[in-house]
$ cat coords38.pdb   # PDB, C-alpha atoms, pLDDT in the B column
ATOM      1  CA  MET T   1      -7.936  -2.279  -8.228  1.00 96.00           C
ATOM      2  CA  ALA T   2      -5.873   0.405  -9.936  1.00 96.00           C
ATOM      3  CA  GLU T   3      -4.935  -2.047 -12.682  1.00 94.00           C
ATOM      4  CA  GLU T   4      -8.610  -2.880 -13.196  1.00 94.00           C
ATOM      5  CA  GLY T   5      -9.663   0.768 -13.100  1.00 96.00           C
ATOM      6  CA  LEU T   6     -11.898   0.259 -10.071  1.00 98.00           C
ATOM      7  CA  ASP T   7     -12.572   2.982  -7.515  1.00 98.00           C
ATOM      8  CA  ALA T   8     -14.324   0.623  -5.059  1.00 98.00           C
ATOM      9  CA  LEU T   9     -15.457  -2.951  -4.520  1.00 98.00           C
ATOM     10  CA  VAL T  10     -18.956  -3.677  -3.193  1.00 98.00           C
ATOM     11  CA  VAL T  11     -19.092  -7.237  -1.859  1.00 97.00           C
ATOM     12  CA  ARG T  12     -21.710  -9.322  -0.086  1.00 95.00           C
ATOM     13  CA  ALA T  13     -20.409 -12.902  -0.124  1.00 94.00           C
ATOM     14  CA  PRO T  14     -19.487 -13.814   3.489  1.00 95.00           C
ATOM     15  CA  ASP T  15     -16.003 -15.008   2.511  1.00 94.00           C
ATOM     16  CA  ASN T  16     -15.235 -11.781   0.670  1.00 96.00           C
ATOM     17  CA  VAL T  17     -16.608  -9.645   3.502  1.00 97.00           C
ATOM     18  CA  LEU T  18     -14.362 -11.625   5.861  1.00 97.00           C
ATOM     19  CA  TYR T  19     -11.378 -11.199   3.557  1.00 96.00           C
ATOM     20  CA  LEU T  20     -11.751  -7.426   3.336  1.00 97.00           C
ATOM     21  CA  THR T  21     -12.879  -6.635   6.916  1.00 97.00           C
ATOM     22  CA  ASN T  22     -11.998  -9.616   9.177  1.00 96.00           C
ATOM     23  CA  PHE T  23     -15.706  -9.803  10.115  1.00 97.00           C
ATOM     24  CA  TRP T  24     -17.523 -13.134   9.692  1.00 96.00           C
ATOM     25  CA  GLY T  25     -21.248 -12.466   9.667  1.00 94.00           C
ATOM     26  CA  MET T  26     -24.094 -14.499  11.070  1.00 92.00           C
ATOM     27  CA  LYS T  27     -26.642 -14.453   8.272  1.00 89.00           C
ATOM     28  CA  GLY T  28     -25.039 -13.251   5.063  1.00 91.00           C
ATOM     29  CA  TYR T  29     -26.906  -9.961   5.392  1.00 94.00           C
ATOM     30  CA  ASP T  30     -23.624  -8.046   5.595  1.00 96.00           C
ATOM     31  CA  ALA T  31     -21.672  -6.118   2.982  1.00 98.00           C
ATOM     32  CA  CYS T  32     -18.470  -4.167   2.534  1.00 98.00           C
ATOM     33  CA  VAL T  33     -17.663  -1.156   0.398  1.00 98.00           C
ATOM     34  CA  PHE T  34     -13.905  -1.260  -0.083  1.00 98.00           C
ATOM     35  CA  PRO T  35     -12.438   1.791  -1.847  1.00 98.00           C
ATOM     36  CA  ARG T  36      -9.105   1.915  -3.641  1.00 97.00           C
ATOM     37  CA  ASP T  37      -8.289   5.006  -1.588  1.00 95.00           C
ATOM     38  CA  GLY T  38      -9.724   5.682   1.849  1.00 94.00           C
ATOM     39  CA  GLU T  39     -11.317   3.634   4.597  1.00 95.00           C
ATOM     40  CA  PRO T  40     -13.611   0.661   3.928  1.00 98.00           C
ATOM     41  CA  VAL T  41     -17.172   0.545   5.201  1.00 98.00           C
ATOM     42  CA  LEU T  42     -18.623  -2.561   6.900  1.00 98.00           C
ATOM     43  CA  ILE T  43     -22.402  -2.935   6.848  1.00 98.00           C
ATOM     44  CA  CYS T  44     -23.829  -5.463   9.290  1.00 97.00           C
ATOM     45  CA  LEU T  45     -26.841  -6.315  11.420  1.00 96.00           C
ATOM     46  CA  GLU T  46     -27.440  -4.397  14.637  1.00 96.00           C
ATOM     47  CA  ALA T  47     -27.354  -7.753  16.453  1.00 95.00           C
ATOM     48  CA  SER T  48     -23.756  -8.218  15.243  1.00 96.00           C
ATOM     49  CA  ALA T  49     -22.499  -4.863  16.531  1.00 97.00           C
ATOM     50  CA  GLU T  50     -20.448  -6.424  19.331  1.00 96.00           C
ATOM     51  CA  ASP T  51     -18.912  -9.006  16.971  1.00 95.00           C
ATOM     52  CA  ALA T  52     -17.965  -6.268  14.532  1.00 97.00           C
ATOM     53  CA  ALA T  53     -16.458  -4.085  17.252  1.00 97.00           C
ATOM     54  CA  ARG T  54     -14.360  -7.006  18.487  1.00 95.00           C
ATOM     55  CA  THR T  55     -13.146  -8.487  15.199  1.00 95.00           C
ATOM     56  CA  ALA T  56     -13.440  -6.041  12.296  1.00 97.00           C
ATOM     57  CA  TRP T  57     -10.479  -4.046  11.030  1.00 95.00           C
ATOM     58  CA  THR T  58     -12.821  -1.358   9.738  1.00 96.00           C
ATOM     59  CA  GLU T  59     -13.626   1.652  11.885  1.00 95.00           C
ATOM     60  CA  ASP T  60     -16.605   2.730   9.779  1.00 98.00           C
ATOM     61  CA  VAL T  61     -19.310   0.207  10.720  1.00 98.00           C
ATOM     62  CA  ARG T  62     -22.880   0.960   9.660  1.00 98.00           C
ATOM     63  CA  LEU T  63     -25.657  -1.051  11.278  1.00 98.00           C
ATOM     64  CA  VAL T  64     -28.903  -2.184   9.665  1.00 97.00           C
ATOM     65  CA  ARG T  65     -31.970  -3.372  11.505  1.00 95.00           C
ATOM     66  CA  GLY T  66     -33.004  -6.996  11.390  1.00 93.00           C
ATOM     67  CA  TYR T  67     -36.734  -6.629  12.027  1.00 91.00           C
ATOM     68  CA  ALA T  68     -38.186  -3.158  11.488  1.00 91.00           C
ATOM     69  CA  ALA T  69     -41.801  -2.298  12.283  1.00 92.00           C
ATOM     70  CA  ASP T  70     -41.751   0.572   9.790  1.00 95.00           C
ATOM     71  CA  ASP T  71     -40.051  -1.347   6.965  1.00 94.00           C
ATOM     72  CA  PRO T  72     -41.602  -4.686   5.939  1.00 94.00           C
ATOM     73  CA  ARG T  73     -38.896  -5.411   3.352  1.00 93.00           C
ATOM     74  CA  PRO T  74     -36.439  -8.277   3.931  1.00 91.00           C
ATOM     75  CA  VAL T  75     -33.181  -7.364   5.638  1.00 94.00           C
ATOM     76  CA  PRO T  76     -30.991  -7.432   2.482  1.00 93.00           C
ATOM     77  CA  ALA T  77     -33.017  -4.504   1.141  1.00 95.00           C
ATOM     78  CA  ARG T  78     -31.774  -2.376   4.043  1.00 96.00           C
ATOM     79  CA  THR T  79     -28.248  -3.685   3.477  1.00 97.00           C
ATOM     80  CA  LEU T  80     -28.529  -2.617  -0.151  1.00 97.00           C
ATOM     81  CA  ASP T  81     -29.697   0.869   0.833  1.00 98.00           C
ATOM     82  CA  ALA T  82     -26.666   1.239   3.099  1.00 98.00           C
ATOM     83  CA  ALA T  83     -24.290  -0.111   0.431  1.00 98.00           C
ATOM     84  CA  VAL T  84     -25.617   2.291  -2.209  1.00 98.00           C
ATOM     85  CA  GLU T  85     -25.159   5.197   0.181  1.00 98.00           C
ATOM     86  CA  ALA T  86     -21.630   4.093   1.146  1.00 98.00           C
ATOM     87  CA  ALA T  87     -20.655   3.695  -2.523  1.00 98.00           C
ATOM     88  CA  ARG T  88     -22.084   7.058  -3.558  1.00 96.00           C
ATOM     89  CA  GLY T  89     -19.390   9.248  -5.051  1.00 93.00           C
ATOM     90  CA  PHE T  90     -17.226   6.452  -6.411  1.00 97.00           C
ATOM     91  CA  GLY T  91     -16.879   6.313 -10.168  1.00 95.00           C
ATOM     92  CA  ARG T  92     -16.392   2.694 -11.250  1.00 97.00           C
ATOM     93  CA  VAL T  93     -17.323  -0.036  -8.770  1.00 98.00           C
ATOM     94  CA  GLY T  94     -16.840  -3.790  -8.919  1.00 98.00           C
ATOM     95  CA  LEU T  95     -19.452  -6.378  -7.884  1.00 98.00           C
ATOM     96  CA  GLU T  96     -19.207 -10.150  -7.559  1.00 96.00           C
ATOM     97  CA  LEU T  97     -20.868 -10.599 -10.960  1.00 96.00           C
ATOM     98  CA  SER T  98     -19.322 -13.982 -11.830  1.00 95.00           C
ATOM     99  CA  LEU T  99     -19.337 -15.465  -8.336  1.00 90.00           C
ATOM    100  CA  GLY T 100     -20.248 -19.129  -8.752  1.00 84.00           C
ATOM    101  CA  THR T 101     -20.106 -20.278  -5.138  1.00 79.00           C
ATOM    102  CA  GLN T 102     -20.070 -18.577  -1.787  1.00 76.00           C
ATOM    103  CA  ALA T 103     -18.594 -19.710   1.515  1.00 81.00           C
ATOM    104  CA  SER T 104     -20.821 -20.013   4.547  1.00 85.00           C
ATOM    105  CA  ASP T 105     -21.777 -17.450   7.102  1.00 89.00           C
ATOM    106  CA  ARG T 106     -22.121 -18.623  10.717  1.00 90.00           C
ATOM    107  CA  MET T 107     -25.701 -19.816  10.214  1.00 89.00           C
ATOM    108  CA  VAL T 108     -24.975 -22.264   7.435  1.00 84.00           C
ATOM    109  CA  GLY T 109     -28.465 -23.772   7.497  1.00 76.00           C
ATOM    110  CA  GLU T 110     -30.065 -20.528   6.323  1.00 79.00           C
ATOM    111  CA  PRO T 111     -28.223 -19.421   3.182  1.00 78.00           C
ATOM    112  CA  THR T 112     -28.780 -15.923   1.870  1.00 83.00           C
ATOM    113  CA  THR T 113     -29.043 -15.460  -1.891  1.00 82.00           C
ATOM    114  CA  PHE T 114     -28.398 -12.429  -4.058  1.00 82.00           C
ATOM    115  CA  THR T 115     -31.473 -10.711  -5.458  1.00 87.00           C
ATOM    116  CA  ARG T 116     -31.732  -8.900  -8.765  1.00 93.00           C
ATOM    117  CA  ALA T 117     -32.145  -5.612  -6.902  1.00 95.00           C
ATOM    118  CA  TRP T 118     -28.574  -5.895  -5.637  1.00 95.00           C
ATOM    119  CA  PHE T 119     -27.189  -5.908  -9.171  1.00 95.00           C
ATOM    120  CA  ASP T 120     -29.723  -3.455 -10.590  1.00 97.00           C
ATOM    121  CA  ALA T 121     -28.624  -0.890  -8.000  1.00 97.00           C
ATOM    122  CA  PHE T 122     -25.193  -0.734  -9.674  1.00 97.00           C
ATOM    123  CA  PRO T 123     -26.056  -0.908 -13.390  1.00 95.00           C
ATOM    124  CA  ASP T 124     -22.606   0.128 -14.633  1.00 95.00           C
ATOM    125  CA  ALA T 125     -20.602  -2.097 -12.280  1.00 97.00           C
ATOM    126  CA  ALA T 126     -17.645  -4.137 -13.451  1.00 98.00           C
ATOM    127  CA  ASP T 127     -16.980  -7.719 -12.395  1.00 97.00           C
ATOM    128  CA  GLY T 128     -14.762  -7.669  -9.309  1.00 97.00           C
ATOM    129  CA  THR T 129     -14.684 -11.442  -8.808  1.00 96.00           C
ATOM    130  CA  PRO T 130     -11.515 -12.178 -10.854  1.00 96.00           C
ATOM    131  CA  LEU T 131      -9.678  -9.438  -8.983  1.00 96.00           C
ATOM    132  CA  LEU T 132     -10.782 -10.843  -5.619  1.00 97.00           C
ATOM    133  CA  SER T 133      -9.799 -14.365  -6.664  1.00 95.00           C
ATOM    134  CA  ARG T 134      -6.298 -13.251  -7.636  1.00 96.00           C
ATOM    135  CA  ALA T 135      -5.840 -11.268  -4.451  1.00 96.00           C
ATOM    136  CA  ARG T 136      -7.112 -14.070  -2.213  1.00 94.00           C
ATOM    137  CA  ALA T 137      -4.729 -16.549  -3.833  1.00 95.00           C
ATOM    138  CA  ILE T 138      -1.847 -14.653  -2.208  1.00 96.00           C
ATOM    139  CA  LYS T 139      -1.953 -15.689   1.440  1.00 96.00           C
ATOM    140  CA  THR T 140      -0.709 -13.445   4.223  1.00 96.00           C
ATOM    141  CA  GLU T 141       0.979 -14.862   7.328  1.00 97.00           C
ATOM    142  CA  GLN T 142      -2.232 -14.301   9.247  1.00 95.00           C
ATOM    143  CA  GLU T 143      -4.280 -16.249   6.704  1.00 96.00           C
ATOM    144  CA  VAL T 144      -1.797 -19.133   6.682  1.00 98.00           C
ATOM    145  CA  ALA T 145      -1.933 -19.285  10.484  1.00 98.00           C
ATOM    146  CA  ARG T 146      -5.722 -19.446  10.446  1.00 97.00           C
ATOM    147  CA  LEU T 147      -5.755 -22.123   7.747  1.00 97.00           C
ATOM    148  CA  ARG T 148      -3.388 -24.163   9.907  1.00 98.00           C
ATOM    149  CA  ILE T 149      -5.779 -23.885  12.845  1.00 98.00           C
ATOM    150  CA  ALA T 150      -8.625 -25.350  10.751  1.00 98.00           C
ATOM    151  CA  ASN T 151      -6.360 -28.204   9.646  1.00 98.00           C
ATOM    152  CA  GLU T 152      -5.225 -28.898  13.211  1.00 98.00           C
ATOM    153  CA  ILE T 153      -8.835 -29.239  14.331  1.00 98.00           C
ATOM    154  CA  ALA T 154      -9.591 -31.636  11.457  1.00 98.00           C
ATOM    155  CA  CYS T 155      -6.546 -33.749  12.333  1.00 97.00           C
ATOM    156  CA  GLN T 156      -7.337 -33.883  16.038  1.00 98.00           C
ATOM    157  CA  ALA T 157     -10.938 -34.839  15.311  1.00 98.00           C
ATOM    158  CA  MET T 158      -9.807 -37.758  13.118  1.00 97.00           C
ATOM    159  CA  HIS T 159      -7.521 -39.058  15.895  1.00 97.00           C
ATOM    160  CA  HIS T 160     -10.493 -38.772  18.243  1.00 98.00           C
ATOM    161  CA  VAL T 161     -12.693 -40.825  15.877  1.00 97.00           C
ATOM    162  CA  ARG T 162     -10.035 -43.501  15.270  1.00 95.00           C
ATOM    163  CA  ARG T 163      -9.985 -44.307  18.987  1.00 96.00           C
ATOM    164  CA  ARG T 164     -13.761 -44.761  19.018  1.00 97.00           C
ATOM    165  CA  LEU T 165     -14.582 -46.301  15.641  1.00 95.00           C
ATOM    166  CA  GLU T 166     -15.764 -49.900  15.989  1.00 95.00           C
ATOM    167  CA  PRO T 167     -17.634 -52.569  13.979  1.00 96.00           C
ATOM    168  CA  GLY T 168     -21.402 -52.232  14.046  1.00 97.00           C
ATOM    169  CA  MET T 169     -21.331 -48.481  14.449  1.00 97.00           C
ATOM    170  CA  LYS T 170     -23.476 -46.627  11.904  1.00 97.00           C
ATOM    171  CA  GLU T 171     -21.967 -44.212   9.402  1.00 97.00           C
ATOM    172  CA  SER T 172     -24.044 -41.435  10.931  1.00 98.00           C
ATOM    173  CA  GLN T 173     -22.772 -42.276  14.413  1.00 98.00           C
ATOM    174  CA  ALA T 174     -19.159 -42.136  13.223  1.00 97.00           C
ATOM    175  CA  ALA T 175     -19.876 -38.801  11.553  1.00 98.00           C
ATOM    176  CA  ALA T 176     -21.492 -37.477  14.732  1.00 98.00           C
ATOM    177  CA  ILE T 177     -18.388 -38.319  16.791  1.00 98.00           C
ATOM    178  CA  TRP T 178     -16.216 -36.377  14.351  1.00 98.00           C
ATOM    179  CA  GLN T 179     -18.611 -33.466  14.109  1.00 98.00           C
ATOM    180  CA  GLY T 180     -19.078 -33.279  17.864  1.00 98.00           C
ATOM    181  CA  TYR T 181     -15.337 -33.026  18.434  1.00 98.00           C
ATOM    182  CA  VAL T 182     -14.859 -30.298  15.817  1.00 98.00           C
ATOM    183  CA  HIS T 183     -17.697 -28.140  17.100  1.00 98.00           C
ATOM    184  CA  GLY T 184     -17.092 -28.771  20.795  1.00 98.00           C
ATOM    185  CA  GLU T 185     -13.311 -28.884  21.128  1.00 98.00           C
ATOM    186  CA  GLY T 186     -12.581 -26.649  18.147  1.00 98.00           C
ATOM    187  CA  THR T 187     -14.784 -23.862  19.462  1.00 98.00           C
ATOM    188  CA  ALA T 188     -13.220 -24.283  22.920  1.00 98.00           C
ATOM    189  CA  ARG T 189      -9.772 -23.307  21.617  1.00 98.00           C
ATOM    190  CA  ASP T 190      -8.404 -19.971  22.784  1.00 98.00           C
ATOM    191  CA  ASP T 191      -7.627 -18.969  19.191  1.00 97.00           C
ATOM    192  CA  VAL T 192     -11.059 -19.837  17.726  1.00 97.00           C
ATOM    193  CA  GLU T 193     -14.453 -18.217  18.221  1.00 96.00           C
ATOM    194  CA  LEU T 194     -16.527 -20.729  16.250  1.00 96.00           C
ATOM    195  CA  ALA T 195     -15.572 -24.023  14.631  1.00 98.00           C
ATOM    196  CA  LEU T 196     -18.129 -25.725  12.397  1.00 97.00           C
ATOM    197  CA  PRO T 197     -17.946 -29.309  11.067  1.00 97.00           C
ATOM    198  CA  PHE T 198     -19.150 -30.706   7.752  1.00 96.00           C
ATOM    199  CA  SER T 199     -18.806 -34.345   6.770  1.00 96.00           C
ATOM    200  CA  LEU T 200     -19.849 -37.166   4.487  1.00 96.00           C
ATOM    201  CA  VAL T 201     -19.065 -40.637   5.830  1.00 97.00           C
ATOM    202  CA  TRP T 202     -19.412 -43.954   3.996  1.00 96.00           C
ATOM    203  CA  ALA T 203     -18.643 -47.462   5.218  1.00 96.00           C
ATOM    204  CA  GLY T 204     -17.536 -50.521   3.229  1.00 93.00           C
ATOM    205  CA  LYS T 205     -19.477 -51.195   0.052  1.00 89.00           C
ATOM    206  CA  GLY T 206     -21.521 -48.062   0.705  1.00 89.00           C
ATOM    207  CA  ILE T 207     -18.647 -45.855  -0.434  1.00 92.00           C
ATOM    208  CA  LYS T 208     -20.067 -43.651  -3.191  1.00 87.00           C
ATOM    209  CA  THR T 209     -18.665 -40.168  -3.088  1.00 80.00           C
ATOM    210  CA  PHE T 210     -21.092 -37.263  -2.866  1.00 84.00           C
ATOM    211  CA  THR T 211     -24.003 -39.298  -1.635  1.00 92.00           C
ATOM    212  CA  ALA T 212     -25.462 -38.662   1.792  1.00 94.00           C
ATOM    213  CA  THR T 213     -24.183 -40.248   4.994  1.00 96.00           C
ATOM    214  CA  GLY T 214     -26.504 -43.122   5.881  1.00 95.00           C
ATOM    215  CA  ASP T 215     -27.039 -45.818   8.488  1.00 95.00           C
ATOM    216  CA  ARG T 216     -24.812 -48.494   6.956  1.00 96.00           C
ATOM    217  CA  PRO T 217     -22.687 -50.265   9.567  1.00 97.00           C
ATOM    218  CA  VAL T 218     -18.933 -50.116   9.936  1.00 96.00           C
ATOM    219  CA  VAL T 219     -17.665 -53.604   9.007  1.00 95.00           C
ATOM    220  CA  GLU T 220     -14.406 -55.132  10.199  1.00 94.00           C
ATOM    221  CA  GLY T 221     -11.876 -55.334   7.375  1.00 94.00           C
ATOM    222  CA  GLU T 222     -13.709 -52.799   5.210  1.00 95.00           C
ATOM    223  CA  PRO T 223     -12.657 -49.169   4.756  1.00 95.00           C
ATOM    224  CA  VAL T 224     -14.551 -46.207   6.162  1.00 95.00           C
ATOM    225  CA  LEU T 225     -14.195 -43.052   4.065  1.00 96.00           C
ATOM    226  CA  PHE T 226     -14.474 -39.615   5.658  1.00 96.00           C
ATOM    227  CA  GLU T 227     -15.004 -36.575   3.423  1.00 96.00           C
ATOM    228  CA  ILE T 228     -14.534 -33.762   5.926  1.00 97.00           C
ATOM    229  CA  TRP T 229     -14.395 -29.988   6.155  1.00 97.00           C
ATOM    230  CA  VAL T 230     -13.657 -27.718   9.072  1.00 97.00           C
ATOM    231  CA  CYS T 231     -14.566 -24.040   9.088  1.00 96.00           C
ATOM    232  CA  ALA T 232     -12.844 -22.119  11.888  1.00 97.00           C
ATOM    233  CA  ASP T 233     -13.863 -18.461  11.994  1.00 96.00           C
ATOM    234  CA  GLY T 234     -14.466 -18.510   8.249  1.00 95.00           C
ATOM    235  CA  TYR T 235     -11.217 -20.256   7.264  1.00 96.00           C
ATOM    236  CA  TRP T 236     -11.456 -23.761   5.844  1.00 95.00           C
ATOM    237  CA  ALA T 237      -9.753 -27.135   5.716  1.00 97.00           C
ATOM    238  CA  ASP T 238     -10.892 -29.824   3.261  1.00 96.00           C
ATOM    239  CA  HIS T 239      -9.734 -33.448   3.502  1.00 96.00           C
ATOM    240  CA  THR T 240     -10.658 -36.970   2.490  1.00 94.00           C
TER     241      THR T 240
END

$ encode --input "coords38.pdb" --output "structure tokens"
Amino acid sequence: MAEEGLDALVVRAPDNVLYLTNFWGMKGYDACVFPRDGEPVLICLEASAEDAARTAWTEDVRLVRGYAADDPRPVPARTLDAAVEAARGFGRVGLELSLGTQASDRMVGEPTTFTRAWFDAFPDAADGTPLLSRARAIKTEQEVARLRIANEIACQAMHHVRRRLEPGMKESQAAAIWQGYVHGEGTARDDVELALPFSLVWAGKGIKTFTATGDRPVVEGEPVLFEIWVCADGYWADHT
């Protein structure tokens, strides 16, 4: 940050919030103001207060209301208010201006998108994404350990599927066996709070990467291709 001339980072992508605070949010309504000098600020939903107290490294946690009778605006507007207040007094801040993708929060089926108001609130902001990308490329021992956990779950789930895969089974049924193991057994681990599965499965002549899993049957003598991801507490494994 010193090299880039930044006094603070203001981030909202769930993976960057996790990276800077160790808090993995539920809805993507969270943010972090991370100064070059001083303590970071985590902004999260009131409903996530217990999660933040248990997992976050940050001591300064500021809560925003989910549903507010006196404020009909969507939740991210209250997150933005809190972020602007937390960033007040810093000279040059960095935002995720060139962020092309964003990793999931815990509720992956309800993605949260950035609004123009988020960027307009910091009109002189620099792009902090390249800095974050460079920093995240250097893995700490803790990050490596958590990546290994996600990979272990993926491996164990594949062994589980191999024992149960049989001709006539639908692609979707094979995928469900794998997904059920990841979510059920992965989350049951002592070192994991939440493990989420993602998969694309194709059987035989139906193998066409990046098309949806269907109901084609597993056929004896034909390959079955699994494109699989595991997310364990915000850390990912990706295999084919």

$ residues_near_point --input "coords38.pdb" --point "(-36.5, -5.8, 12.1)" --cutoff "12 Å" --atoms "only C-alpha atoms" --output "VMD selection string"
chain T and resid 45 to 47 63 to 78

$ write_last_selection --input "coords38.pdb" --atoms "C-alpha atoms" --output "compact mmCIF listing (two decimals), in the coordinates of the input"
# COMPACT_ATOMS: atom_id res chain seq x y z
CA LEU T 45 -26.84 -6.32 11.42
CA GLU T 46 -27.44 -4.40 14.64
CA ALA T 47 -27.35 -7.75 16.45
CA LEU T 63 -25.66 -1.05 11.28
CA VAL T 64 -28.90 -2.18 9.66
CA ARG T 65 -31.97 -3.37 11.50
CA GLY T 66 -33.00 -7.00 11.39
CA TYR T 67 -36.73 -6.63 12.03
CA ALA T 68 -38.19 -3.16 11.49
CA ALA T 69 -41.80 -2.30 12.28
CA ASP T 70 -41.75 0.57 9.79
CA ASP T 71 -40.05 -1.35 6.96
CA PRO T 72 -41.60 -4.69 5.94
CA ARG T 73 -38.90 -5.41 3.35
CA PRO T 74 -36.44 -8.28 3.93
CA VAL T 75 -33.18 -7.36 5.64
CA PRO T 76 -30.99 -7.43 2.48
CA ALA T 77 -33.02 -4.50 1.14
CA ARG T 78 -31.77 -2.38 4.04

$ resolve_selection --input "coords38.pdb" --expression "the PyMOL selection byres ((chain T and resi 106) around 9)" --output "mmCIF file with C-alpha atoms, keeping the file's coordinate frame"
data_model
loop_
_atom_site.group_PDB
_atom_site.id
_atom_site.type_symbol
_atom_site.label_atom_id
_atom_site.label_comp_id
_atom_site.auth_asym_id
_atom_site.auth_seq_id
_atom_site.Cartn_x
_atom_site.Cartn_y
_atom_site.Cartn_z
ATOM 1 C CA TRP T 24 -17.523 -13.134 9.692
ATOM 2 C CA GLY T 25 -21.248 -12.466 9.667
ATOM 3 C CA MET T 26 -24.094 -14.499 11.070
ATOM 4 C CA LYS T 27 -26.642 -14.453 8.272
ATOM 5 C CA GLY T 28 -25.039 -13.251 5.063
ATOM 6 C CA SER T 104 -20.821 -20.013 4.547
ATOM 7 C CA ASP T 105 -21.777 -17.450 7.102
ATOM 8 C CA MET T 107 -25.701 -19.816 10.214
ATOM 9 C CA VAL T 108 -24.975 -22.264 7.435
ATOM 10 C CA GLY T 109 -28.465 -23.772 7.497
ATOM 11 C CA LEU T 194 -16.527 -20.729 16.250
ATOM 12 C CA LEU T 196 -18.129 -25.725 12.397
ATOM 13 C CA ASP T 233 -13.863 -18.461 11.994
ATOM 14 C CA GLY T 234 -14.466 -18.510 8.249
#

$ residues_near_point --input "coords38.pdb" --point "(-21.6, -5.0, 9.5)" --cutoff "12 Å" --atoms "all atoms listed in the file" --output "PDB file with C-alpha atoms, in the frame of the given file"
ATOM      1  CA  VAL T  11     -19.092  -7.237  -1.859  1.00 97.00           C
ATOM      2  CA  ARG T  12     -21.710  -9.322  -0.086  1.00 95.00           C
ATOM      3  CA  PRO T  14     -19.487 -13.814   3.489  1.00 95.00           C
ATOM      4  CA  VAL T  17     -16.608  -9.645   3.502  1.00 97.00           C
ATOM      5  CA  LEU T  18     -14.362 -11.625   5.861  1.00 97.00           C
ATOM      6  CA  LEU T  20     -11.751  -7.426   3.336  1.00 97.00           C
ATOM      7  CA  THR T  21     -12.879  -6.635   6.916  1.00 97.00           C
ATOM      8  CA  ASN T  22     -11.998  -9.616   9.177  1.00 96.00           C
ATOM      9  CA  PHE T  23     -15.706  -9.803  10.115  1.00 97.00           C
ATOM     10  CA  TRP T  24     -17.523 -13.134   9.692  1.00 96.00           C
ATOM     11  CA  GLY T  25     -21.248 -12.466   9.667  1.00 94.00           C
ATOM     12  CA  MET T  26     -24.094 -14.499  11.070  1.00 92.00           C
ATOM     13  CA  LYS T  27     -26.642 -14.453   8.272  1.00 89.00           C
ATOM     14  CA  GLY T  28     -25.039 -13.251   5.063  1.00 91.00           C
ATOM     15  CA  TYR T  29     -26.906  -9.961   5.392  1.00 94.00           C
ATOM     16  CA  ASP T  30     -23.624  -8.046   5.595  1.00 96.00           C
ATOM     17  CA  ALA T  31     -21.672  -6.118   2.982  1.00 98.00           C
ATOM     18  CA  CYS T  32     -18.470  -4.167   2.534  1.00 98.00           C
ATOM     19  CA  VAL T  33     -17.663  -1.156   0.398  1.00 98.00           C
ATOM     20  CA  PRO T  40     -13.611   0.661   3.928  1.00 98.00           C
ATOM     21  CA  VAL T  41     -17.172   0.545   5.201  1.00 98.00           C
ATOM     22  CA  LEU T  42     -18.623  -2.561   6.900  1.00 98.00           C
ATOM     23  CA  ILE T  43     -22.402  -2.935   6.848  1.00 98.00           C
ATOM     24  CA  CYS T  44     -23.829  -5.463   9.290  1.00 97.00           C
ATOM     25  CA  LEU T  45     -26.841  -6.315  11.420  1.00 96.00           C
ATOM     26  CA  GLU T  46     -27.440  -4.397  14.637  1.00 96.00           C
ATOM     27  CA  ALA T  47     -27.354  -7.753  16.453  1.00 95.00           C
ATOM     28  CA  SER T  48     -23.756  -8.218  15.243  1.00 96.00           C
ATOM     29  CA  ALA T  49     -22.499  -4.863  16.531  1.00 97.00           C
ATOM     30  CA  GLU T  50     -20.448  -6.424  19.331  1.00 96.00           C
ATOM     31  CA  ASP T  51     -18.912  -9.006  16.971  1.00 95.00           C
ATOM     32  CA  ALA T  52     -17.965  -6.268  14.532  1.00 97.00           C
ATOM     33  CA  ALA T  53     -16.458  -4.085  17.252  1.00 97.00           C
ATOM     34  CA  ARG T  54     -14.360  -7.006  18.487  1.00 95.00           C
ATOM     35  CA  THR T  55     -13.146  -8.487  15.199  1.00 95.00           C
ATOM     36  CA  ALA T  56     -13.440  -6.041  12.296  1.00 97.00           C
ATOM     37  CA  TRP T  57     -10.479  -4.046  11.030  1.00 95.00           C
ATOM     38  CA  THR T  58     -12.821  -1.358   9.738  1.00 96.00           C
ATOM     39  CA  GLU T  59     -13.626   1.652  11.885  1.00 95.00           C
ATOM     40  CA  ASP T  60     -16.605   2.730   9.779  1.00 98.00           C
ATOM     41  CA  VAL T  61     -19.310   0.207  10.720  1.00 98.00           C
ATOM     42  CA  ARG T  62     -22.880   0.960   9.660  1.00 98.00           C
ATOM     43  CA  LEU T  63     -25.657  -1.051  11.278  1.00 98.00           C
ATOM     44  CA  VAL T  64     -28.903  -2.184   9.665  1.00 97.00           C
ATOM     45  CA  ARG T  65     -31.970  -3.372  11.505  1.00 95.00           C
ATOM     46  CA  GLY T  66     -33.004  -6.996  11.390  1.00 93.00           C
ATOM     47  CA  PRO T  76     -30.991  -7.432   2.482  1.00 93.00           C
ATOM     48  CA  ARG T  78     -31.774  -2.376   4.043  1.00 96.00           C
ATOM     49  CA  THR T  79     -28.248  -3.685   3.477  1.00 97.00           C
ATOM     50  CA  ALA T  82     -26.666   1.239   3.099  1.00 98.00           C
ATOM     51  CA  ALA T  83     -24.290  -0.111   0.431  1.00 98.00           C
TER      52      ALA T  83
END

$ residues_around --input "coords38.pdb" --residues "Tyr19 of chain T" --least-positions-apart "6" --cutoff "10 Å" --atoms "all atoms listed in the file" --output "list of chain:residue names"
T:Ala13, T:Leu132, T:Ala135, T:Arg136, T:Glu143, T:Gly234, T:Tyr235

$ resolve_selection --input "coords38.pdb" --expression "the PyMOL selection byres ((chain T and resi 2) around 12)" --output "PyMOL selection string"
chain T and resi 1+3-9+35-37+92-94+131

$ closest_residue --input "coords38.pdb" --among "T:Gly204, T:Gly91, T:Pro217, T:Val230" --to "Trp178 of chain T" --atoms "all atoms listed in the file"
T:Val230

$ atom_distance --input "coords38.pdb" --atom1 "atom CA of Pro197 of chain T" --atom2 "atom CA of Gly184 of chain T"
9.8 Å
